[in-house]
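K.L.:
Pasting query07.cif below, which is mmCIF, C-alpha atoms and all ligand atoms.
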```
data_run
loop_
_atom_site.label_atom_id
_atom_site.label_comp_id
_atom_site.auth_asym_id
_atom_site.auth_seq_id
_atom_site.Cartn_x
_atom_site.Cartn_y
_atom_site.Cartn_z
CA MET A 29 7.80 -66.63 30.42
CA SER A 30 10.31 -65.26 27.96
CA ALA A 31 13.93 -66.35 27.90
CA VAL A 32 16.44 -63.96 29.42
CA ILE A 33 19.49 -66.07 28.66
CA THR A 34 19.69 -68.47 25.74
CA LEU A 35 22.68 -70.70 25.16
CA ASP A 36 22.58 -72.20 21.71
CA LYS A 37 24.99 -75.10 21.14
CA VAL A 38 27.65 -73.36 23.20
CA GLY A 39 31.16 -74.80 23.26
CA VAL A 40 34.22 -73.37 25.02
CA THR A 41 37.75 -74.63 24.50
CA PHE A 42 40.83 -73.38 26.29
CA ARG A 43 44.37 -73.81 25.13
CA ARG A 44 46.60 -74.39 28.11
CA ARG A 45 49.73 -72.45 27.34
CA LEU A 46 51.82 -73.65 30.20
CA ILE A 47 51.21 -77.36 29.86
CA GLY A 48 52.39 -78.12 26.36
CA GLY A 49 49.57 -76.21 24.67
CA ASP A 50 46.98 -78.97 24.98
CA VAL A 51 43.34 -78.08 24.38
CA VAL A 52 40.70 -78.38 27.11
CA GLU A 53 37.09 -78.66 26.03
CA ALA A 54 35.56 -77.02 29.12
CA VAL A 55 32.01 -76.81 27.70
CA ARG A 56 30.62 -78.89 24.87
CA ASP A 57 27.45 -78.31 22.88
CA VAL A 58 25.31 -76.83 25.64
CA SER A 59 21.84 -75.57 24.73
CA VAL A 60 19.73 -74.21 27.55
CA GLU A 61 17.41 -71.29 28.33
CA ILE A 62 16.79 -69.42 31.56
CA ALA A 63 13.47 -67.58 31.70
CA GLU A 64 12.41 -64.46 33.54
CA GLY A 65 11.77 -65.29 37.19
CA GLU A 66 13.34 -68.73 36.84
CA THR A 67 16.31 -70.27 38.63
CA LEU A 68 18.30 -72.91 36.86
CA GLY A 69 20.47 -74.91 39.23
CA LEU A 70 23.75 -76.20 37.86
CA VAL A 71 25.44 -79.04 39.67
CA GLY A 72 28.39 -81.25 38.84
CA GLU A 73 31.80 -82.20 40.08
CA SER A 74 34.78 -79.87 40.20
CA GLY A 75 36.12 -79.13 36.73
CA SER A 76 32.91 -80.13 34.93
CA GLY A 77 32.59 -76.66 33.38
CA LYS A 78 30.05 -74.91 35.62
CA THR A 79 31.98 -71.69 36.20
CA THR A 80 32.96 -71.52 32.54
CA LEU A 81 29.30 -71.76 31.57
CA GLY A 82 28.46 -69.06 34.15
CA ARG A 83 31.05 -66.74 32.63
CA VAL A 84 29.48 -67.28 29.20
CA CYS A 85 26.05 -66.33 30.63
CA LEU A 86 27.56 -63.12 32.08
CA GLY A 87 29.03 -62.21 28.70
CA LEU A 88 32.54 -62.35 30.17
CA LEU A 89 33.57 -65.20 27.93
CA GLN A 90 32.84 -65.49 24.24
CA PRO A 91 31.89 -69.07 23.32
CA THR A 92 34.30 -70.81 20.93
CA THR A 93 31.32 -72.29 19.10
CA GLY A 94 27.60 -71.59 19.27
CA GLU A 95 25.98 -68.46 20.65
CA MET A 96 24.73 -66.75 23.81
CA ARG A 97 21.68 -64.51 23.41
CA MET A 98 20.15 -62.16 25.92
CA GLN A 99 16.42 -61.44 25.76
CA GLY A 100 16.38 -63.00 22.30
CA GLU A 101 19.09 -60.78 20.84
CA ALA A 102 22.74 -61.31 20.06
CA PHE A 103 24.60 -60.36 23.23
CA GLY A 104 26.70 -57.62 21.63
CA ARG A 105 29.10 -55.65 23.77
CA LEU A 106 29.31 -56.12 27.51
CA ARG A 107 29.50 -52.35 28.01
CA GLN A 108 26.05 -51.91 26.54
CA ARG A 109 24.68 -54.53 28.95
CA ARG A 110 26.01 -52.77 32.04
CA GLY A 111 23.67 -53.19 34.98
CA GLN A 112 21.64 -55.92 33.27
CA LEU A 113 23.80 -58.79 34.49
CA SER A 114 25.13 -59.45 37.95
CA VAL A 115 27.01 -61.98 40.01
CA VAL A 116 27.14 -63.14 43.62
CA LEU A 117 30.28 -65.10 44.43
CA GLN A 118 31.26 -67.53 47.17
CA HIS A 119 33.17 -64.97 49.20
CA PRO A 120 31.46 -61.59 49.60
CA GLU A 121 34.94 -60.18 50.32
CA TRP A 122 35.61 -60.53 46.60
CA ALA A 123 32.82 -58.05 45.83
CA LEU A 124 33.24 -55.65 48.75
CA ASN A 125 36.14 -53.30 49.11
CA PRO A 126 37.25 -53.56 52.77
CA ARG A 127 38.06 -49.85 52.84
CA LEU A 128 34.64 -48.74 51.62
CA ARG A 129 31.59 -48.40 53.82
CA CYS A 130 28.92 -50.91 52.83
CA GLY A 131 26.61 -48.17 51.56
CA ALA A 132 29.25 -46.99 49.08
CA SER A 133 29.85 -50.56 47.87
CA VAL A 134 26.15 -51.25 47.39
CA GLY A 135 25.66 -47.95 45.52
CA GLU A 136 28.75 -48.23 43.34
CA PRO A 137 27.14 -50.01 40.36
CA LEU A 138 24.61 -47.16 40.22
CA ARG A 139 27.40 -44.59 40.35
CA VAL A 140 29.02 -46.30 37.36
CA LEU A 141 25.68 -45.96 35.53
CA GLY A 142 25.70 -42.24 36.32
CA ALA A 143 22.92 -42.08 38.96
CA PRO A 144 23.00 -38.88 41.09
CA ALA A 145 24.18 -39.20 44.70
CA GLY A 146 20.74 -38.48 46.21
CA ASP A 147 19.05 -41.21 44.16
CA ARG A 148 21.83 -43.63 45.06
CA GLN A 149 21.39 -43.03 48.76
CA THR A 150 17.65 -43.68 48.56
CA ALA A 151 18.21 -46.82 46.47
CA VAL A 152 20.89 -48.12 48.88
CA ALA A 153 18.61 -47.68 51.90
CA ARG A 154 15.76 -49.48 50.08
CA MET A 155 18.04 -52.30 48.95
CA LEU A 156 19.54 -52.83 52.42
CA ASP A 157 16.02 -53.05 53.78
CA GLN A 158 15.11 -55.63 51.13
CA VAL A 159 18.04 -57.86 52.10
CA GLY A 160 17.02 -57.61 55.76
CA LEU A 161 19.61 -55.10 57.00
CA SER A 162 18.83 -51.86 58.78
CA ALA A 163 19.83 -48.55 57.18
CA ASP A 164 22.77 -48.04 59.56
CA PHE A 165 24.64 -50.91 57.83
CA ALA A 166 25.41 -48.36 55.10
CA GLU A 167 27.87 -46.73 57.51
CA ARG A 168 29.65 -49.92 58.53
CA TYR A 169 32.71 -51.54 56.99
CA PRO A 170 32.63 -55.16 55.73
CA GLY A 171 35.10 -56.17 58.46
CA GLN A 172 32.51 -55.29 61.12
CA LEU A 173 29.94 -57.72 59.72
CA SER A 174 29.31 -61.45 60.07
CA GLY A 175 29.70 -63.69 56.99
CA GLY A 176 25.94 -63.86 56.45
CA GLN A 177 25.55 -60.08 56.77
CA ARG A 178 28.41 -59.55 54.31
CA GLN A 179 26.74 -61.87 51.80
CA ARG A 180 23.50 -59.88 52.23
CA VAL A 181 25.41 -56.69 51.41
CA ALA A 182 26.95 -58.39 48.35
CA ILE A 183 23.46 -59.45 47.22
CA ALA A 184 22.18 -55.89 47.70
CA ARG A 185 25.03 -54.66 45.52
CA ALA A 186 24.26 -57.30 42.86
CA LEU A 187 20.60 -56.27 42.78
CA ILE A 188 20.81 -52.50 42.94
CA THR A 189 20.76 -51.99 39.17
CA GLU A 190 17.72 -54.30 38.79
CA PRO A 191 19.59 -56.81 36.61
CA ARG A 192 17.64 -59.22 34.44
CA PHE A 193 20.10 -62.05 35.14
CA ILE A 194 22.09 -62.98 38.24
CA LEU A 195 24.73 -65.68 38.52
CA PHE A 196 25.07 -67.17 42.01
CA ASP A 197 28.38 -69.04 41.92
CA GLU A 198 28.71 -71.09 45.14
CA ALA A 199 26.99 -68.13 46.82
CA VAL A 200 26.12 -69.93 50.06
CA SER A 201 28.94 -72.48 50.17
CA ALA A 202 31.11 -70.53 52.61
CA LEU A 203 28.27 -69.86 55.08
CA ASP A 204 27.23 -71.83 58.17
CA VAL A 205 24.31 -74.13 57.48
CA SER A 206 21.75 -72.06 59.47
CA VAL A 207 22.84 -68.86 57.72
CA GLN A 208 22.74 -70.70 54.37
CA THR A 209 19.02 -71.32 54.76
CA GLN A 210 18.37 -67.65 55.55
CA VAL A 211 20.30 -66.51 52.49
CA LEU A 212 18.59 -69.12 50.27
CA ASN A 213 15.21 -67.87 51.50
CA LEU A 214 16.31 -64.32 50.80
CA ILE A 215 17.30 -65.25 47.23
CA ARG A 216 13.88 -66.84 46.69
CA ASP A 217 12.02 -63.83 48.08
CA LEU A 218 14.05 -61.34 46.08
CA GLN A 219 13.47 -63.30 42.90
CA ALA A 220 9.72 -63.34 43.54
CA ASP A 221 9.83 -59.53 43.92
CA HIS A 222 12.26 -58.64 41.15
CA GLY A 223 11.68 -61.41 38.59
CA PHE A 224 15.30 -61.79 37.52
CA ALA A 225 16.51 -64.98 35.83
CA ALA A 226 19.16 -66.83 37.84
CA LEU A 227 21.82 -69.47 37.41
CA PHE A 228 22.65 -71.09 40.73
CA ILE A 229 25.93 -72.98 40.61
CA SER A 230 26.74 -75.22 43.53
CA HIS A 231 28.38 -78.41 44.68
CA ASP A 232 25.51 -78.73 47.12
CA LEU A 233 22.53 -80.50 45.60
CA ALA A 234 20.27 -79.88 48.60
CA ALA A 235 20.85 -76.09 48.47
CA THR A 236 20.41 -76.13 44.71
CA ARG A 237 17.09 -77.98 44.93
CA TYR A 238 15.86 -75.48 47.51
CA VAL A 239 16.13 -72.47 45.20
CA SER A 240 15.91 -73.95 41.72
CA ASP A 241 12.97 -74.49 39.40
CA ARG A 242 15.04 -76.72 37.14
CA ILE A 243 18.33 -78.50 37.67
CA ALA A 244 20.96 -79.21 35.04
CA VAL A 245 23.70 -81.71 35.72
CA MET A 246 27.09 -81.14 34.14
CA LEU A 247 29.61 -83.84 33.47
CA LYS A 248 32.85 -83.24 31.58
CA GLY A 249 31.59 -80.09 29.87
CA GLU A 250 28.18 -81.43 28.87
CA ILE A 251 24.73 -81.09 30.39
CA VAL A 252 23.80 -84.74 30.79
CA GLU A 253 20.41 -84.10 32.35
CA ALA A 254 18.09 -81.12 32.83
CA ALA A 255 14.83 -81.64 34.66
CA PRO A 256 12.38 -79.84 36.96
CA ALA A 257 13.83 -79.68 40.49
CA GLU A 258 11.01 -81.85 41.86
CA ASP A 259 12.14 -84.70 39.60
CA PHE A 260 15.36 -84.71 41.58
CA TYR A 261 13.37 -85.62 44.67
CA GLY A 262 12.36 -88.77 42.81
CA THR A 263 14.75 -90.59 40.57
CA PRO A 264 16.83 -88.62 38.13
CA SER A 265 17.41 -90.53 34.94
CA HIS A 266 21.11 -90.16 34.20
CA PRO A 267 23.37 -92.57 36.13
CA TYR A 268 25.68 -89.69 37.05
CA SER A 269 22.74 -87.70 38.52
CA ARG A 270 21.72 -90.76 40.52
CA ALA A 271 25.27 -91.08 41.85
CA LEU A 272 25.18 -87.39 42.86
CA MET A 273 21.84 -87.94 44.63
CA GLU A 274 23.17 -90.94 46.50
CA ALA A 275 26.21 -88.93 47.56
CA VAL A 276 24.01 -86.37 49.35
CA ALA A 277 21.36 -88.78 50.67
N1 LIG B 301 41.12 -69.88 31.69
C1 LIG B 301 41.29 -71.21 31.57
N2 LIG B 301 42.37 -71.71 30.89
C2 LIG B 301 42.54 -73.03 30.75
N3 LIG B 301 41.71 -73.97 31.23
C3 LIG B 301 40.63 -73.55 31.92
C4 LIG B 301 40.36 -72.15 32.13
N4 LIG B 301 39.22 -72.04 32.85
C5 LIG B 301 38.78 -73.29 33.08
N5 LIG B 301 39.63 -74.20 32.53
C6 LIG B 301 39.44 -75.66 32.54
O1 LIG B 301 38.13 -75.94 32.08
C7 LIG B 301 37.56 -77.02 32.82
C8 LIG B 301 36.26 -76.57 33.47
O2 LIG B 301 36.54 -75.64 34.51
P1 LIG B 301 35.43 -74.89 35.37
O3 LIG B 301 36.13 -73.99 36.32
O4 LIG B 301 34.44 -74.30 34.45
O5 LIG B 301 34.74 -76.10 36.15
P2 LIG B 301 33.80 -76.06 37.42
O6 LIG B 301 32.79 -77.11 37.21
O7 LIG B 301 33.32 -74.68 37.65
O8 LIG B 301 34.78 -76.46 38.59
P3 LIG B 301 34.78 -75.97 40.12
O9 LIG B 301 33.53 -76.54 40.72
O10 LIG B 301 36.03 -76.56 40.67
O11 LIG B 301 34.81 -74.47 40.11
C9 LIG B 301 38.62 -77.48 33.80
O12 LIG B 301 39.32 -78.56 33.23
C10 LIG B 301 39.51 -76.27 33.96
O13 LIG B 301 40.82 -76.65 34.28
#
```
Please rewrite the model in this file as structure tokens.
Ligand SMILES: Nc1ncnc2c1ncn2[C@@H]1O[C@H](COP(=O)(O)OP(=O)(O)OP(=O)(O)O)[C@@H](O)[C@H]1O

P.N.:
Amino acid sequence: MSAVITLDKVGVTFRRRLIGGDVVEAVRDVSVEIAEGETLGLVGESGSGKTTLGRVCLGLLQPTTGEMRMQGEAFGRLRQRRGQLSVVLQHPEWALNPRLRCGASVGEPLRVLGAPAGDRQTAVARMLDQVGLSADFAERYPGQLSGGQRQRVAIARALITEPRFILFDEAVSALDVSVQTQVLNLIRDLQADHGFAALFISHDLAATRYVSDRIAVMLKGEIVEAAPAEDFYGTPSHPYSRALMEAVA
């Protein structure tokens, strides 16, 4: 399978302006690839650099050192990659305008790409069906939906342009456990159908294992271990990964 996202010795440093101008090395020398149809799980404690790395993969943050490539080519300008990259966040409310009907929210990325209204409507109905919602959800407002239904709508919106890469940043963390499993299953099914590459960021190792092909463990800006997800059922090699495993056991 060919790489969709390639991070080549990526480093990101921030200069904290408010706190005496000290420099934070949020990501250090990270090299990793995410292939078509593959999910890379990214786990690690708060502040270890996961979200920063996710923003680099989305092209929202230029690495300080090293390079991010998409489908083997220099990333270039974000504008030219419109529709090819997508994100599902922890709170669907962040992606859905409360004053817009769900159908309009789901279709909006297509509108931005210039798709005609008729095509958008057909695509929205198809996408809602794929995330397990009936067509009449297009007429509802986010406030009328449960948390799980809202996250399904947010996923439909993230997928409508057929992106090649999707970042799931704590995408199931705010959901009840039973709803989490449904949404994780949905993510797996959609990936099997659409073949996008995915980065699944989570504090929750069990959820991450469930959807990921490989798992990378971040510690203080570095990936200290990357291994097939099944290896995490056995004994991961890095002491920090073992500590993480014990914490969820
Ligand atoms: N825009 C920024 N300016 C300054 N420092 C930042 C910025 N963004 C992130 N950082 C710092 O970089 C480090 C990594 O942060 P990041 O949010 O990537 O970690 P994380 O693993 O995603 O944490 P969490 O799980 O809490 O979201 C932290 O020390 C954070 O304070």

K.L.:
Report the closest atom pair, with its distance in Å rounded to one decimal, for each residue of chain A that has an atom no farther than 12 Å from ligand LIG 301 (chain B); count all atoms listed in the file, sort by chain and then rising residue number, and write it as JSON lines.

P.N.:
```
{"residue": "A:Gly39", "atom": "CA", "partner": "B:LIG301", "partner_atom": "O1", "distance": 11.3}
{"residue": "A:Val40", "atom": "CA", "partner": "B:LIG301", "partner_atom": "O1", "distance": 8.5}
{"residue": "A:Thr41", "atom": "CA", "partner": "B:LIG301", "partner_atom": "O1", "distance": 7.7}
{"residue": "A:Phe42", "atom": "CA", "partner": "B:LIG301", "partner_atom": "C2", "distance": 4.8}
{"residue": "A:Arg43", "atom": "CA", "partner": "B:LIG301", "partner_atom": "C2", "distance": 6.0}
{"residue": "A:Arg44", "atom": "CA", "partner": "B:LIG301", "partner_atom": "C2", "distance": 5.0}
{"residue": "A:Arg45", "atom": "CA", "partner": "B:LIG301", "partner_atom": "C2", "distance": 8.0}
{"residue": "A:Leu46", "atom": "CA", "partner": "B:LIG301", "partner_atom": "C2", "distance": 9.3}
{"residue": "A:Ile47", "atom": "CA", "partner": "B:LIG301", "partner_atom": "C2", "distance": 9.7}
{"residue": "A:Gly48", "atom": "CA", "partner": "B:LIG301", "partner_atom": "C2", "distance": 11.9}
{"residue": "A:Gly49", "atom": "CA", "partner": "B:LIG301", "partner_atom": "C2", "distance": 9.8}
{"residue": "A:Asp50", "atom": "CA", "partner": "B:LIG301", "partner_atom": "C2", "distance": 9.4}
{"residue": "A:Val51", "atom": "CA", "partner": "B:LIG301", "partner_atom": "N3", "distance": 8.2}
{"residue": "A:Val52", "atom": "CA", "partner": "B:LIG301", "partner_atom": "O1", "distance": 6.1}
{"residue": "A:Glu53", "atom": "CA", "partner": "B:LIG301", "partner_atom": "O1", "distance": 6.7}
{"residue": "A:Ala54", "atom": "CA", "partner": "B:LIG301", "partner_atom": "O1", "distance": 4.1}
{"residue": "A:Val55", "atom": "CA", "partner": "B:LIG301", "partner_atom": "C8", "distance": 7.2}
{"residue": "A:Arg56", "atom": "CA", "partner": "B:LIG301", "partner_atom": "C8", "distance": 10.5}
{"residue": "A:Leu70", "atom": "CA", "partner": "B:LIG301", "partner_atom": "O6", "distance": 9.1}
{"residue": "A:Val71", "atom": "CA", "partner": "B:LIG301", "partner_atom": "O6", "distance": 8.0}
{"residue": "A:Gly72", "atom": "CA", "partner": "B:LIG301", "partner_atom": "O6", "distance": 6.3}
{"residue": "A:Glu73", "atom": "CA", "partner": "B:LIG301", "partner_atom": "O6", "distance": 5.9}
{"residue": "A:Ser74", "atom": "CA", "partner": "B:LIG301", "partner_atom": "O10", "distance": 3.6}
{"residue": "A:Gly75", "atom": "CA", "partner": "B:LIG301", "partner_atom": "O5", "distance": 3.4}
{"residue": "A:Ser76", "atom": "CA", "partner": "B:LIG301", "partner_atom": "O6", "distance": 3.8}
{"residue": "A:Gly77", "atom": "CA", "partner": "B:LIG301", "partner_atom": "O4", "distance": 3.2}
{"residue": "A:Lys78", "atom": "CA", "partner": "B:LIG301", "partner_atom": "O7", "distance": 3.9}
{"residue": "A:Thr79", "atom": "CA", "partner": "B:LIG301", "partner_atom": "O7", "distance": 3.6}
{"residue": "A:Thr80", "atom": "CA", "partner": "B:LIG301", "partner_atom": "O4", "distance": 3.7}
{"residue": "A:Leu81", "atom": "CA", "partner": "B:LIG301", "partner_atom": "O4", "distance": 6.4}
{"residue": "A:Gly82", "atom": "CA", "partner": "B:LIG301", "partner_atom": "O4", "distance": 8.0}
{"residue": "A:Arg83", "atom": "CA", "partner": "B:LIG301", "partner_atom": "O4", "distance": 8.5}
{"residue": "A:Val84", "atom": "CA", "partner": "B:LIG301", "partner_atom": "O4", "distance": 10.1}
{"residue": "A:Leu88", "atom": "CA", "partner": "B:LIG301", "partner_atom": "N1", "distance": 11.5}
{"residue": "A:Leu89", "atom": "CA", "partner": "B:LIG301", "partner_atom": "N1", "distance": 9.6}
{"residue": "A:Gln90", "atom": "CA", "partner": "B:LIG301", "partner_atom": "N1", "distance": 12.0}
{"residue": "A:Leu117", "atom": "CA", "partner": "B:LIG301", "partner_atom": "O11", "distance": 11.3}
{"residue": "A:Gln118", "atom": "CA", "partner": "B:LIG301", "partner_atom": "O11", "distance": 10.5}
{"residue": "A:Phe196", "atom": "CA", "partner": "B:LIG301", "partner_atom": "O7", "distance": 12.0}
{"residue": "A:Asp197", "atom": "CA", "partner": "B:LIG301", "partner_atom": "O11", "distance": 8.6}
{"residue": "A:Glu198", "atom": "CA", "partner": "B:LIG301", "partner_atom": "O9", "distance": 8.5}
{"residue": "A:Ser201", "atom": "CA", "partner": "B:LIG301", "partner_atom": "O9", "distance": 11.3}
{"residue": "A:Phe228", "atom": "CA", "partner": "B:LIG301", "partner_atom": "O7", "distance": 11.7}
{"residue": "A:Ile229", "atom": "CA", "partner": "B:LIG301", "partner_atom": "O7", "distance": 8.1}
{"residue": "A:Ser230", "atom": "CA", "partner": "B:LIG301", "partner_atom": "O9", "distance": 7.5}
{"residue": "A:His231", "atom": "CA", "partner": "B:LIG301", "partner_atom": "O9", "distance": 6.8}
{"residue": "A:Asp232", "atom": "CA", "partner": "B:LIG301", "partner_atom": "O9", "distance": 10.5}
{"residue": "A:Val245", "atom": "CA", "partner": "B:LIG301", "partner_atom": "O6", "distance": 10.3}
{"residue": "A:Met246", "atom": "CA", "partner": "B:LIG301", "partner_atom": "O6", "distance": 7.6}
{"residue": "A:Leu247", "atom": "CA", "partner": "B:LIG301", "partner_atom": "O6", "distance": 8.3}
{"residue": "A:Lys248", "atom": "CA", "partner": "B:LIG301", "partner_atom": "C8", "distance": 7.7}
{"residue": "A:Gly249", "atom": "CA", "partner": "B:LIG301", "partner_atom": "C8", "distance": 6.9}
{"residue": "A:Glu250", "atom": "CA", "partner": "B:LIG301", "partner_atom": "O6", "distance": 10.5}
{"residue": "A:Ile251", "atom": "CA", "partner": "B:LIG301", "partner_atom": "O6", "distance": 11.3}
```

K.L.:
Provide the CA of Gly135 in chain A to CA of Gly223 in chain A distance in Å, to one decimal place.

P.N.:
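Distance between the two atoms: 20.6 Å.
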
K.L.:
So, with only C-alpha atoms as the atoms that count, which of A:Gly69, A:Ala132, A:Leu227, A:Ser30 lies closest to Ala145 in chain A?

P.N.:
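Smallest distance to Ala145 in chain A is found for A:Ala132.
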
K.L.:
Can you pull out the residues contacting Ile243 in chain A? Cut-off 7 Å, using all atoms listed in the file, and skip same-chain residues under 3 positions away; I want them as a ChimeraX atom specification.

P.N.:
/A:68-70,240,254-257

K.L.:
Ranking A:Val115, A:Val239, A:Arg154, A:Gln177 by minimum distance to Asp217 in chain A and counting only C-alpha atoms, which one comes first?

P.N.:
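Closest residue, counting only C-alpha atoms: A:Val239.
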
K.L.:
If I take CA of Asp241 in chain A and CA of Ser59 in chain A, how far is one from the other in Å, to one decimal?

P.N.:
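Between CA of Asp241 in chain A and CA of Ser59 in chain A the gap works out to 17.2 Å.
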
K.L.:
In Å to one decimal, how far is CA of Phe193 in chain A from CA of Asn213 in chain A?

P.N.:
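That distance, rounded to one decimal, is 18.0 Å.
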
K.L.:
Could you name the residues that touch Thr34 in chain A at 9 Å or less, counting all atoms listed in the file, but leaving out those on the same chain fewer than 3 positions away, as a PyMOL selection string?

P.N.:
chain A and resi 31+59-63+85+95-100

K.L.:
Restricting the output to C-alpha atoms, write the selected residues as a short mmCIF file (atom, residue, chain, number, x, y, z; two decimals), in the coordinates of the input.

P.N.:
```
data_model
loop_
_atom_site.label_atom_id
_atom_site.label_comp_id
_atom_site.auth_asym_id
_atom_site.auth_seq_id
_atom_site.Cartn_x
_atom_site.Cartn_y
_atom_site.Cartn_z
CA ALA A 31 13.93 -66.35 27.90
CA SER A 59 21.84 -75.57 24.73
CA VAL A 60 19.73 -74.21 27.55
CA GLU A 61 17.41 -71.29 28.33
CA ILE A 62 16.79 -69.42 31.56
CA ALA A 63 13.47 -67.58 31.70
CA CYS A 85 26.05 -66.33 30.63
CA GLU A 95 25.98 -68.46 20.65
CA MET A 96 24.73 -66.75 23.81
CA ARG A 97 21.68 -64.51 23.41
CA MET A 98 20.15 -62.16 25.92
CA GLN A 99 16.42 -61.44 25.76
CA GLY A 100 16.38 -63.00 22.30
#
```

K.L.:
Can you list, as a ChimeraX atom specification, every protein, DNA or RNA residue that comes within 10 Å of Arg178 in chain A when you count all atoms listed in the file, leaving out same-chain residues fewer than 5 positions away?

P.N.:
/A:119-121,123-124,130,169-173,183-184

K.L.:
Using all atoms listed in the file, which residue out of A:Gly104, A:Leu86, A:Val134, A:Pro91 lies closest to Asp57 in chain A?

P.N.:
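Closest to Asp57 in chain A, using all atoms listed in the file: A:Pro91.
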
K.L.:
May I ask which of the residues A:Gln158, A:Ser265, A:Gln219, A:Gln179 is the closest one to Glu66 in chain A, counting only C-alpha atoms?

P.N.:
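Answer, going by the shortest atom-to-atom distance: A:Gln219.
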
K.L.:
Would you mind telling me which residue in A:Ala220, A:Leu35, A:Val205, A:Val252 lies nearest to Arg270 in chain A when using all atoms listed in the file?

P.N.:
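Selected residue with least distance to Arg270 in chain A: A:Val252.
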
K.L.:
Up to 7 Å from (19.2, -62.7, 36.9) in the file's coordinates: name the residues, counting all atoms listed in the file, as JSON, numbers by chain.

P.N.:
{"A": [113, 114, 191, 192, 193, 194, 195, 224, 225, 226]}

K.L.:
Between A:Thr209, A:Glu64, A:Ser269, A:Arg180, which is the closest to Asp221 in chain A once you count all atoms listed in the file?

P.N.:
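So, comparing all the options, the nearest one is A:Glu64.
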